[in-house]
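> Quick one, data_1.pdb (PDB, C-alpha atoms and all ligand atoms):
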```pdb
MODEL        1
ATOM      1  CA  MET A 823     -13.746  33.369 -96.462
ATOM      2  CA  ASP A 824     -15.873  30.239 -96.618
ATOM      3  CA  LYS A 825     -18.550  32.080 -98.618
ATOM      4  CA  LEU A 826     -16.032  33.091-101.251
ATOM      5  CA  THR A 827     -16.087  30.730-104.136
ATOM      6  CA  PHE A 828     -13.419  31.172-106.751
ATOM      7  CA  ILE A 829      -9.939  32.517-106.301
ATOM      8  CA  PHE A 830      -7.243  32.879-108.915
ATOM      9  CA  LEU A 831      -3.927  33.294-107.211
ATOM     10  CA  ALA A 832      -1.044  34.353-109.405
ATOM     11  CA  ILE A 833       2.357  33.874-107.863
ATOM     12  CA  LEU A 834       3.313  33.702-104.281
ATOM     13  CA  LEU A 835       6.664  35.356-104.451
ATOM     14  CA  CYS A 836       7.319  38.411-106.508
ATOM     15  CA  GLY A 837      10.723  39.962-106.778
ATOM     16  CA  SER A 838      11.261  43.667-106.483
ATOM     17  CA  ALA A 839       8.693  46.351-105.975
ATOM     18  CA  VAL A 840       7.374  49.685-107.045
ATOM     19  CA  GLY A 841       9.797  52.394-107.959
ATOM     20  CA  THR A 842      10.804  50.433-111.018
ATOM     21  CA  ARG A 843       7.955  51.721-113.113
ATOM     22  CA  PRO A 844       9.172  52.449-116.618
ATOM     23  CA  GLN A 845       8.695  55.853-118.151
ATOM     24  CA  PRO A 846       5.365  55.962-119.958
ATOM     25  CA  ARG A 847       5.620  56.077-123.692
ATOM     26  CA  ASP A 848       4.829  59.241-125.665
ATOM     27  CA  GLY A 849       5.309  61.564-122.692
ATOM     28  CA  ARG A 850       1.984  60.497-121.261
ATOM     29  CA  ALA A 851       3.157  61.366-117.751
ATOM     30  CA  THR A 852       2.728  65.010-118.685
ATOM     31  CA  LEU A 853      -0.731  64.441-120.077
ATOM     32  CA  ALA A 854      -1.755  62.688-116.891
ATOM     33  CA  ALA A 855      -1.230  65.887-114.916
ATOM     34  CA  ASP A 856      -4.692  67.176-115.851
ATOM     35  CA  GLY A 857      -8.130  65.896-116.734
ATOM     36  CA  GLY A 858      -8.053  62.514-114.987
ATOM     37  CA  VAL A 859      -7.105  59.030-116.046
ATOM     38  CA  CYS A 860      -9.661  58.714-118.850
ATOM     39  CA  SER A 861      -8.573  61.752-120.785
ATOM     40  CA  ALA A 862      -4.912  61.199-120.014
ATOM     41  CA  VAL A 863      -4.504  57.599-120.989
ATOM     42  CA  VAL A 864      -7.548  55.716-122.168
ATOM     43  CA  GLY A 865      -8.728  58.417-124.529
ATOM     44  CA  VAL A 866      -5.354  58.351-126.214
ATOM     45  CA  GLN A 867      -5.932  54.693-126.998
ATOM     46  CA  ASN A 868      -9.430  55.347-128.384
ATOM     47  CA  TYR A 869     -11.323  53.363-125.801
ATOM     48  CA  PRO A 870     -14.592  54.546-124.275
ATOM     49  CA  CYS A 871     -13.989  55.724-120.724
ATOM     50  CA  ASN A 872     -16.120  57.441-118.095
ATOM     51  CA  GLU A 873     -14.984  59.119-114.913
ATOM     52  CA  HIS A 874     -16.903  58.329-111.705
ATOM     53  CA  ASN A 875     -16.527  59.365-108.078
ATOM     54  CA  VAL A 876     -17.396  57.259-105.085
ATOM     55  CA  THR A 877     -17.430  58.716-101.577
ATOM     56  CA  SER A 878     -16.234  56.480 -98.778
ATOM     57  CA  GLY A 879     -17.963  56.309 -95.404
ATOM     58  CA  ASP A 880     -15.374  58.673 -93.941
ATOM     59  CA  GLY A 881     -15.645  61.272 -96.690
ATOM     60  CA  TYR A 882     -12.855  60.439 -99.132
ATOM     61  CA  ILE A 883     -13.781  60.938-102.768
ATOM     62  CA  LEU A 884     -12.240  58.155-104.810
ATOM     63  CA  SER A 885     -11.942  58.429-108.538
ATOM     64  CA  LEU A 886     -13.059  55.463-110.587
ATOM     65  CA  GLN A 887     -12.768  54.915-114.310
ATOM     66  CA  ASN A 888     -15.134  52.743-116.282
ATOM     67  CA  ILE A 889     -14.164  51.289-119.639
ATOM     68  CA  PRO A 890     -17.501  49.695-120.553
ATOM     69  CA  PHE A 891     -16.386  47.976-123.746
ATOM     70  CA  GLY A 892     -13.425  47.726-126.070
ATOM     71  CA  GLN A 893     -12.491  48.619-129.592
ATOM     72  CA  SER A 894     -14.633  45.837-130.998
ATOM     73  CA  GLY A 895     -17.729  47.786-129.941
ATOM     74  CA  ASN A 896     -20.605  47.392-127.553
ATOM     75  CA  ALA A 897     -22.136  44.075-128.584
ATOM     76  CA  GLY A 898     -23.537  42.163-125.620
ATOM     77  CA  LYS A 899     -24.371  45.368-123.764
ATOM     78  CA  GLY A 900     -25.862  44.646-120.369
ATOM     79  CA  GLN A 901     -24.298  41.211-120.164
ATOM     80  CA  ARG A 902     -20.730  42.277-119.704
ATOM     81  CA  PRO A 903     -19.549  41.118-116.287
ATOM     82  CA  PRO A 904     -17.961  43.935-114.307
ATOM     83  CA  VAL A 905     -14.314  43.561-113.299
ATOM     84  CA  LEU A 906     -12.739  45.826-110.706
ATOM     85  CA  LEU A 907      -8.967  46.287-110.926
ATOM     86  CA  HIS A 908      -7.222  47.528-107.782
ATOM     87  CA  HIS A 909      -3.662  48.786-108.133
ATOM     88  CA  GLY A 910      -0.775  48.233-105.731
ATOM     89  CA  VAL A 911       0.961  50.449-103.225
ATOM     90  CA  LEU A 912       2.321  53.828-104.387
ATOM     91  CA  THR A 913       0.732  53.519-107.817
ATOM     92  CA  ASP A 914      -2.716  54.326-109.210
ATOM     93  CA  ALA A 915      -5.091  53.239-111.965
ATOM     94  CA  VAL A 916      -2.714  54.428-114.677
ATOM     95  CA  THR A 917      -0.620  51.422-113.781
ATOM     96  CA  TRP A 918      -3.119  49.187-115.651
ATOM     97  CA  LEU A 919      -2.870  51.269-118.806
ATOM     98  CA  LEU A 920       0.796  51.917-119.448
ATOM     99  CA  SER A 921       1.421  49.161-121.953
ATOM    100  CA  PRO A 922       0.064  48.961-125.490
ATOM    101  CA  PRO A 923      -3.651  47.939-125.577
ATOM    102  CA  GLU A 924      -2.968  44.291-126.300
ATOM    103  CA  GLN A 925      -0.723  44.146-123.226
ATOM    104  CA  SER A 926      -2.642  46.356-120.797
ATOM    105  CA  LEU A 927      -4.926  44.264-118.635
ATOM    106  CA  ALA A 928      -7.693  46.874-118.441
ATOM    107  CA  LEU A 929      -7.930  47.281-122.218
ATOM    108  CA  LEU A 930      -7.504  43.583-122.870
ATOM    109  CA  LEU A 931     -10.453  42.848-120.574
ATOM    110  CA  ALA A 932     -12.574  45.504-122.276
ATOM    111  CA  ASP A 933     -11.763  43.966-125.655
ATOM    112  CA  ASN A 934     -12.720  40.544-124.308
ATOM    113  CA  GLY A 935     -16.249  41.336-123.226
ATOM    114  CA  PHE A 936     -15.802  42.714-119.712
ATOM    115  CA  ASP A 937     -17.076  45.948-118.210
ATOM    116  CA  VAL A 938     -13.871  47.261-116.668
ATOM    117  CA  TRP A 939     -13.642  49.453-113.570
ATOM    118  CA  LEU A 940     -10.430  50.958-112.204
ATOM    119  CA  VAL A 941     -10.195  52.487-108.758
ATOM    120  CA  ASN A 942      -7.654  54.970-107.424
ATOM    121  CA  ALA A 943      -6.946  54.527-103.708
ATOM    122  CA  ARG A 944      -7.378  57.498-101.375
ATOM    123  CA  GLY A 945      -4.407  59.812-101.316
ATOM    124  CA  THR A 946      -3.237  58.891-104.812
ATOM    125  CA  LYS A 947      -3.024  61.591-107.443
ATOM    126  CA  TYR A 948      -6.583  61.172-108.731
ATOM    127  CA  SER A 949      -8.220  60.643-105.337
ATOM    128  CA  LEU A 950      -7.335  63.744-103.375
ATOM    129  CA  GLY A 951     -10.905  64.900-102.781
ATOM    130  CA  HIS A 952     -12.763  64.804 -99.482
ATOM    131  CA  THR A 953     -16.196  66.014 -98.448
ATOM    132  CA  SER A 954     -14.755  68.318 -95.775
ATOM    133  CA  LEU A 955     -10.945  68.104 -95.732
ATOM    134  CA  SER A 956      -8.349  69.513 -98.094
ATOM    135  CA  SER A 957      -5.443  67.295 -99.055
ATOM    136  CA  ASN A 958      -3.199  70.073 -97.697
ATOM    137  CA  ASP A 959      -4.702  69.437 -94.294
ATOM    138  CA  PRO A 960      -2.701  66.938 -92.195
ATOM    139  CA  ALA A 961      -6.009  65.435 -91.057
ATOM    140  CA  PHE A 962      -6.619  64.326 -94.637
ATOM    141  CA  TRP A 963      -3.665  61.958 -94.289
ATOM    142  CA  ASP A 964      -4.658  60.619 -90.903
ATOM    143  CA  TRP A 965      -5.621  57.076 -91.877
ATOM    144  CA  THR A 966      -4.078  53.653 -92.142
ATOM    145  CA  TRP A 967      -4.614  50.599 -94.292
ATOM    146  CA  ASP A 968      -7.548  49.666 -92.104
ATOM    147  CA  GLU A 969      -9.619  52.455 -93.634
ATOM    148  CA  LEU A 970      -9.042  51.088 -97.110
ATOM    149  CA  VAL A 971     -10.442  47.796 -95.887
ATOM    150  CA  THR A 972     -13.272  49.240 -93.804
ATOM    151  CA  TYR A 973     -14.429  52.133 -95.981
ATOM    152  CA  ASP A 974     -12.947  52.342 -99.442
ATOM    153  CA  LEU A 975     -13.277  48.811-100.713
ATOM    154  CA  PRO A 976     -16.896  48.383 -99.498
ATOM    155  CA  ALA A 977     -17.913  51.753-100.984
ATOM    156  CA  THR A 978     -16.273  50.854-104.285
ATOM    157  CA  PHE A 979     -17.879  47.407-104.441
ATOM    158  CA  GLN A 980     -21.305  48.822-103.607
ATOM    159  CA  TYR A 981     -20.996  51.555-106.221
ATOM    160  CA  ILE A 982     -20.101  49.183-109.036
ATOM    161  CA  TYR A 983     -22.727  46.696-107.932
ATOM    162  CA  ASP A 984     -25.356  49.442-107.953
ATOM    163  CA  GLN A 985     -24.221  50.779-111.324
ATOM    164  CA  THR A 986     -24.124  47.422-113.072
ATOM    165  CA  GLY A 987     -26.648  45.337-111.136
ATOM    166  CA  GLN A 988     -24.150  42.489-111.262
ATOM    167  CA  LYS A 989     -21.688  40.792-108.966
ATOM    168  CA  LEU A 990     -18.145  41.684-109.811
ATOM    169  CA  HIS A 991     -14.863  39.996-110.500
ATOM    170  CA  TYR A 992     -12.101  41.501-108.402
ATOM    171  CA  VAL A 993      -8.507  41.668-109.617
ATOM    172  CA  GLY A 994      -5.971  43.017-107.165
ATOM    173  CA  HIS A 995      -2.297  43.665-107.554
ATOM    174  CA  SER A 996       0.012  43.637-104.532
ATOM    175  CA  MET A 997      -1.624  45.926-101.932
ATOM    176  CA  GLY A 998      -4.862  45.493-103.860
ATOM    177  CA  THR A 999      -4.767  41.808-102.982
ATOM    178  CA  LEU A1000      -3.935  42.363 -99.345
ATOM    179  CA  ILE A1001      -6.779  44.752 -98.613
ATOM    180  CA  ALA A1002      -9.147  42.341-100.317
ATOM    181  CA  PHE A1003      -7.962  39.414 -98.250
ATOM    182  CA  ALA A1004      -8.425  41.548 -95.150
ATOM    183  CA  ALA A1005     -11.896  42.697 -96.233
ATOM    184  CA  PHE A1006     -13.424  39.459 -97.496
ATOM    185  CA  PRO A1007     -13.513  37.642 -94.138
ATOM    186  CA  LYS A1008     -15.645  40.514 -92.786
ATOM    187  CA  GLY A1009     -18.371  39.215 -95.024
ATOM    188  CA  GLN A1010     -20.247  42.083 -96.569
ATOM    189  CA  LEU A1011     -18.278  42.207 -99.808
ATOM    190  CA  VAL A1012     -18.517  38.561-100.629
ATOM    191  CA  ASP A1013     -22.200  38.845-101.535
ATOM    192  CA  MET A1014     -21.235  41.227-104.334
ATOM    193  CA  LEU A1015     -18.275  39.175-105.484
ATOM    194  CA  ARG A1016     -18.129  36.749-108.386
ATOM    195  CA  SER A1017     -14.447  35.801-108.147
ATOM    196  CA  ALA A1018     -11.195  37.163-106.801
ATOM    197  CA  SER A1019      -7.881  37.167-108.641
ATOM    198  CA  MET A1020      -4.768  38.036-106.752
ATOM    199  CA  LEU A1021      -1.686  39.071-108.697
ATOM    200  CA  CYS A1022       1.471  39.184-106.625
ATOM    201  CA  PRO A1023      -0.239  38.700-103.285
ATOM    202  CA  ILE A1024       3.052  38.378-101.496
ATOM    203  CA  ALA A1025       5.757  40.788-102.425
ATOM    204  CA  TYR A1026       8.953  42.265-101.168
ATOM    205  CA  ILE A1027       8.963  45.991-100.846
ATOM    206  CA  GLY A1028      12.656  46.505-100.424
ATOM    207  CA  HIS A1029      12.858  49.196-103.083
ATOM    208  CA  MET A1030      10.350  51.459-101.490
ATOM    209  CA  THR A1031      12.012  54.674-100.424
ATOM    210  CA  SER A1032       9.407  56.476 -98.348
ATOM    211  CA  PRO A1033       9.933  55.370 -94.728
ATOM    212  CA  LEU A1034       6.308  56.058 -93.898
ATOM    213  CA  ALA A1035       4.936  54.002 -96.747
ATOM    214  CA  ARG A1036       7.441  51.335 -95.997
ATOM    215  CA  THR A1037       6.518  50.973 -92.358
ATOM    216  CA  GLY A1038       2.840  50.818 -93.200
ATOM    217  CA  ALA A1039       3.334  48.396 -96.017
ATOM    218  CA  GLU A1040       5.579  46.119 -94.017
ATOM    219  CA  LYS A1041       3.111  45.978 -91.191
ATOM    220  CA  LEU A1042       0.330  45.296 -93.667
ATOM    221  CA  LEU A1043       2.301  42.593 -95.390
ATOM    222  CA  ALA A1044       3.309  40.848 -92.200
ATOM    223  CA  GLU A1045      -0.220  40.751 -90.823
ATOM    224  CA  ASP A1046      -2.106  40.027 -93.955
ATOM    225  CA  VAL A1047       0.200  37.512 -95.493
ATOM    226  CA  LYS A1048      -0.419  35.463 -92.398
ATOM    227  CA  LEU A1049      -4.151  36.009 -92.784
ATOM    228  CA  LEU A1050      -3.957  35.117 -96.444
ATOM    229  CA  LEU A1051      -2.195  31.865 -95.794
ATOM    230  CA  ASP A1052      -4.487  30.956 -92.899
ATOM    231  CA  ASN A1053      -7.522  31.599 -95.042
ATOM    232  CA  LEU A1054      -6.329  29.743 -98.072
ATOM    233  CA  HIS A1055      -5.325  26.767 -96.000
ATOM    234  CA  ASP A1056      -8.994  25.915 -95.542
ATOM    235  CA  HIS A1057     -10.153  27.032 -98.949
ATOM    236  CA  GLU A1058     -11.690  24.298-101.025
ATOM    237  CA  GLN A1059      -8.870  23.238-103.253
ATOM    238  CA  ASP A1060     -10.993  22.827-106.356
ATOM    239  CA  LYS A1061     -11.977  26.474-106.105
ATOM    240  CA  LEU A1062      -8.453  27.747-105.971
ATOM    241  CA  VAL A1063      -6.363  28.189-109.109
ATOM    242  CA  VAL A1064      -2.718  28.918-108.498
ATOM    243  CA  GLU A1065      -0.446  30.173-111.237
ATOM    244  CA  TYR A1066       3.140  30.208-110.194
ATOM    245  CA  THR A1067       5.858  31.925-112.136
ATOM    246  CA  GLU A1068       9.252  32.250-110.572
ATOM    247  CA  ASN A1069      11.367  35.358-110.657
ATOM    248  CA  TYR A1070       8.646  37.582-111.889
ATOM    249  CA  ALA A1071       9.442  41.119-110.859
ATOM    250  CA  HIS A1072       6.650  42.750-108.936
ATOM    251  CA  ALA A1073       6.051  45.577-111.374
ATOM    252  CA  ASP A1074       6.084  43.158-114.286
ATOM    253  CA  TYR A1075       2.657  41.985-113.284
ATOM    254  CA  VAL A1076       1.039  45.020-114.691
ATOM    255  CA  MET A1077       3.352  45.968-117.454
ATOM    256  CA  GLY A1078       5.855  43.289-118.356
ATOM    257  CA  PHE A1079       5.808  42.591-122.071
ATOM    258  CA  ASN A1080       5.232  38.892-121.435
ATOM    259  CA  ALA A1081       2.551  39.460-118.790
ATOM    260  CA  LYS A1082      -0.169  38.784-121.349
ATOM    261  CA  GLN A1083       1.005  35.282-122.054
ATOM    262  CA  ASP A1084       2.151  34.420-118.534
ATOM    263  CA  VAL A1085      -0.604  35.965-116.467
ATOM    264  CA  TYR A1086      -3.359  37.758-118.352
ATOM    265  CA  ASP A1087      -4.360  34.916-120.657
ATOM    266  CA  PRO A1088      -4.743  32.382-117.809
ATOM    267  CA  LEU A1089      -6.492  35.067-115.767
ATOM    268  CA  MET A1090      -8.988  35.737-118.534
ATOM    269  CA  ALA A1091      -9.646  32.046-119.010
ATOM    270  CA  PHE A1092     -10.370  31.851-115.286
ATOM    271  CA  LEU A1093     -12.757  34.829-115.395
ATOM    272  CA  ARG A1094     -14.705  33.335-118.283
ATOM    273  CA  LEU A1095     -15.328  30.192-116.259
ATOM    274  CA  HIS A1096     -16.801  32.001-113.237
TER     275      HIS A1096
HETATM  276  C1  LIG B   1     -15.065  64.031-108.817
HETATM  277  O1  LIG B   1     -14.730  64.817-107.696
HETATM  278  C2  LIG B   1     -13.750  65.822-107.982
HETATM  279  C3  LIG B   1     -13.438  66.512-106.673
HETATM  280  O2  LIG B   1     -12.859  65.598-105.791
HETATM  281  C4  LIG B   1     -14.299  66.778-109.009
HETATM  282  O3  LIG B   1     -13.307  67.741-109.333
HETATM  283  C5  LIG B   1     -14.695  66.001-110.262
HETATM  284  O4  LIG B   1     -15.303  66.858-111.189
HETATM  285  C6  LIG B   1     -15.658  64.878-109.914
HETATM  286  N1  LIG B   1     -15.870  64.063-111.099
HETATM  287  C7  LIG B   1     -17.033  63.496-111.388
HETATM  288  C8  LIG B   1     -17.070  62.655-112.602
HETATM  289  O5  LIG B   1     -18.022  63.635-110.688
ENDMDL
END
```
The structure in this file should be written as structure tokens.
Ligand SMILES: *[C@@H]1O[C@H](CO)[C@@H](O)[C@H](O)[C@H]1NC(C)=O


Amino acid sequence: MDKLTFIFLAILLCGSAVGTRPQPRDGRATLAADGGVCSAVVGVQNYPCNEHNVTSGDGYILSLQNIPFGQSGNAGKGQRPPVLLHHGVLTDAVTWLLSPPEQSLALLLADNGFDVWLVNARGTKYSLGHTSLSSNDPAFWDWTWDELVTYDLPATFQYIYDQTGQKLHYVGHSMGTLIAFAAFPKGQLVDMLRSASMLCPIAYIGHMTSPLARTGAEKLLAEDVKLLLDNLHDHEQDKLVVEYTENYAHADYVMGFNAKQDVYDPLMAFLRLH
């Protein structure tokens, strides 16, 4: 972690968890059933959006969406810093796009000069491909959080780095923060990293209903929260920005109507500085 420079840490304690996701507006859940995230959600909002695939070292085909610029057009092409948004547990990239454009972090970033990339973790609706396994095959599901850290995050970082030729800002939510904190100490990602922003890095998952997901997530949380705190303890304090908002429900981070003011605006100010 000592190589990592700038961290934006938003909130240490977040209230409830996934499962509280509001119904998307305009029946977009139905739309999302086909065609991928771009055509389902971003296209509806009239933003440019390209679908990409990245194959992890163990054969999982992850879907990525790139929103290269916003509604204000493509001025500053080639200078837009890439930002990777990683969703939390039991959600996918759509989670960054459910609110109106001025309140959806992905679209807000695109409108503010960033080249936005969204990843869908293996096993989520848009990342069910594999080079040799079918998602109906039990072997497809034979992985743990470690593989996200070891294979998926490095493959995703490398892909975006290769595509853009630039180091990236990383923004994780919930599980997206925990896998990053587990991956960064291993070193290889940090060379491609400009800054890391962690939204809801510590969360309760009491509302999660799937026992399997719950066991995995609890184990992950217990281990990596400890790692997180150990790592940050030695982090240079002037490189760590902590935003603390009490009683912010976990899911609110990506879709609460006041998230823009409470979290996204300070986050964007942080990204501009680094
Ligand atoms: C990504 O891979 C899936 C199969 O997993 C395929 O259906 C889709 O067309 C690919 N998309 C792109 C943009 O390559």

> For ligand LIG 1 (chain B), which of A:Asn958, A:Asn872, A:Asn942, A:Ser1017 is the closest residue, counting all atoms listed in the file?

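For ligand LIG 1 (chain B), the nearest of the given residues is A:Asn872.
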
> Would you write out, as an NGL selection string, every residue that the PyMOL selection byres (((chain A and resi 930-941) around 8) and not hetatm) captures in this file?

:A and (884-894 or 898 or 902-909 or 914-915 or 923-929 or 942-943 or 978 or 982 or 1090)

> Tell me, in Å to one decimal, how far atom CA of Leu912 of chain A is from atom CA of Arg944 of chain A.

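According to the coordinates, atom CA of Leu912 of chain A and atom CA of Arg944 of chain A are separated by 10.8 Å.
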
> Please expand the PyMOL selection byres (((chain A and resi 1013) around 10) and not hetatm) into the concrete residues it hits in this file, giving the result as a ChimeraX atom specification.

/A:825-826,989-990,1006,1009-1012,1014-1016

> Name the closest residue to ligand LIG 1 (chain B) among the candidates A:Val859, A:Val876, A:Leu1093, A:Cys871; distances are taken between atoms, counting all atoms listed in the file.

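That would be A:Val876, the residue with the smallest distance to ligand LIG 1 (chain B).
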
> Here is a test: counting all atoms listed in the file, which residue of A:Val971, A:Gly900, A:Leu920, A:Tyr983 is nearest to Pro1007 of chain A?

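Distance minimum relative to Pro1007 of chain A lands on A:Val971.
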
> Within 8 Å of ligand LIG 1 (chain B), which residues of chain A show up? Give each one with its shortest atom-to-atom distance in Å (one decimal) and the two atoms involved, counting all atoms listed in the file, rows by chain then rising residue number, as a tab-separated table.


```
residue	atom	partner	partner_atom	distance
A:Asn872	CA	B:LIG1	C8	7.6
A:Glu873	CA	B:LIG1	C8	4.7
A:His874	CA	B:LIG1	C8	4.4
A:Asn875	CA	B:LIG1	C1	4.9
A:Ile883	CA	B:LIG1	O2	5.6
A:Leu884	CA	B:LIG1	O2	7.5
A:Ser885	CA	B:LIG1	C1	6.4
A:Ser949	CA	B:LIG1	O2	6.8
A:Leu950	CA	B:LIG1	O2	6.3
A:Gly951	CA	B:LIG1	O2	3.7
A:His952	CA	B:LIG1	O2	6.4
```

> Any idea what the distance is between atom CA of Val916 of chain A and atom CA of Gly858 of chain A?

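For atom CA of Val916 of chain A relative to atom CA of Gly858 of chain A, the distance reads 9.7 Å.
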
> Please compute the atom CA of Ile829 of chain A-atom CA of Gln980 of chain A distance, one decimal, in Å.

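Separating atom CA of Ile829 of chain A from atom CA of Gln980 of chain A is a distance of 20.1 Å.
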
> Evaluate the PyMOL selection byres (((chain A and resi 962) around 10) and not hetatm) against this structure - the residues, as a PyMOL selection string, please.

chain A and resi 881-882+944-945+950-952+954-961+963-965

> Using C-alpha atoms, can you export the residues from the last selection as a PDB file, in the coordinates of the input?


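Listing of out-v1.pdb after writing:
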```pdb
ATOM      1  CA  GLY A 881     -15.645  61.272 -96.690  1.00  0.00           C
ATOM      2  CA  TYR A 882     -12.855  60.439 -99.132  1.00  0.00           C
ATOM      3  CA  ARG A 944      -7.378  57.498-101.375  1.00  0.00           C
ATOM      4  CA  GLY A 945      -4.407  59.812-101.316  1.00  0.00           C
ATOM      5  CA  LEU A 950      -7.335  63.744-103.375  1.00  0.00           C
ATOM      6  CA  GLY A 951     -10.905  64.900-102.781  1.00  0.00           C
ATOM      7  CA  HIS A 952     -12.763  64.804 -99.482  1.00  0.00           C
ATOM      8  CA  SER A 954     -14.755  68.318 -95.775  1.00  0.00           C
ATOM      9  CA  LEU A 955     -10.945  68.104 -95.732  1.00  0.00           C
ATOM     10  CA  SER A 956      -8.349  69.513 -98.094  1.00  0.00           C
ATOM     11  CA  SER A 957      -5.443  67.295 -99.055  1.00  0.00           C
ATOM     12  CA  ASN A 958      -3.199  70.073 -97.697  1.00  0.00           C
ATOM     13  CA  ASP A 959      -4.702  69.437 -94.294  1.00  0.00           C
ATOM     14  CA  PRO A 960      -2.701  66.938 -92.195  1.00  0.00           C
ATOM     15  CA  ALA A 961      -6.009  65.435 -91.057  1.00  0.00           C
ATOM     16  CA  TRP A 963      -3.665  61.958 -94.289  1.00  0.00           C
ATOM     17  CA  ASP A 964      -4.658  60.619 -90.903  1.00  0.00           C
ATOM     18  CA  TRP A 965      -5.621  57.076 -91.877  1.00  0.00           C
TER      19      TRP A 965
END
```

> Would you please work out which residue, of A:Gly910, A:Pro922, A:Pro976, A:Tyr948, is nearest to His995 of chain A when using all atoms listed in the file?

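With all atoms listed in the file as the atom set, the closest residue is A:Gly910.
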
> Extract, using all atoms listed in the file, all DNA, RNA and protein residues at most 10 Å from Leu1089 of chain A, discarding same-chain residues fewer than 2 positions from it, and format them as a tab-separated table (two decimals) with C-alpha atoms, in the frame of the given file.


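Output saved as selection09.tsv:
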```tsv
chain	number	residue	atom	x	y	z
A	830	PHE	CA	-7.24	32.88	-108.92
A	831	LEU	CA	-3.93	33.29	-107.21
A	832	ALA	CA	-1.04	34.35	-109.40
A	927	LEU	CA	-4.93	44.26	-118.64
A	931	LEU	CA	-10.45	42.85	-120.57
A	993	VAL	CA	-8.51	41.67	-109.62
A	1019	SER	CA	-7.88	37.17	-108.64
A	1020	MET	CA	-4.77	38.04	-106.75
A	1021	LEU	CA	-1.69	39.07	-108.70
A	1063	VAL	CA	-6.36	28.19	-109.11
A	1065	GLU	CA	-0.45	30.17	-111.24
A	1082	LYS	CA	-0.17	38.78	-121.35
A	1083	GLN	CA	1.00	35.28	-122.05
A	1084	ASP	CA	2.15	34.42	-118.53
A	1085	VAL	CA	-0.60	35.97	-116.47
A	1086	TYR	CA	-3.36	37.76	-118.35
A	1087	ASP	CA	-4.36	34.92	-120.66
A	1091	ALA	CA	-9.65	32.05	-119.01
A	1092	PHE	CA	-10.37	31.85	-115.29
A	1093	LEU	CA	-12.76	34.83	-115.40
A	1094	ARG	CA	-14.70	33.34	-118.28
```
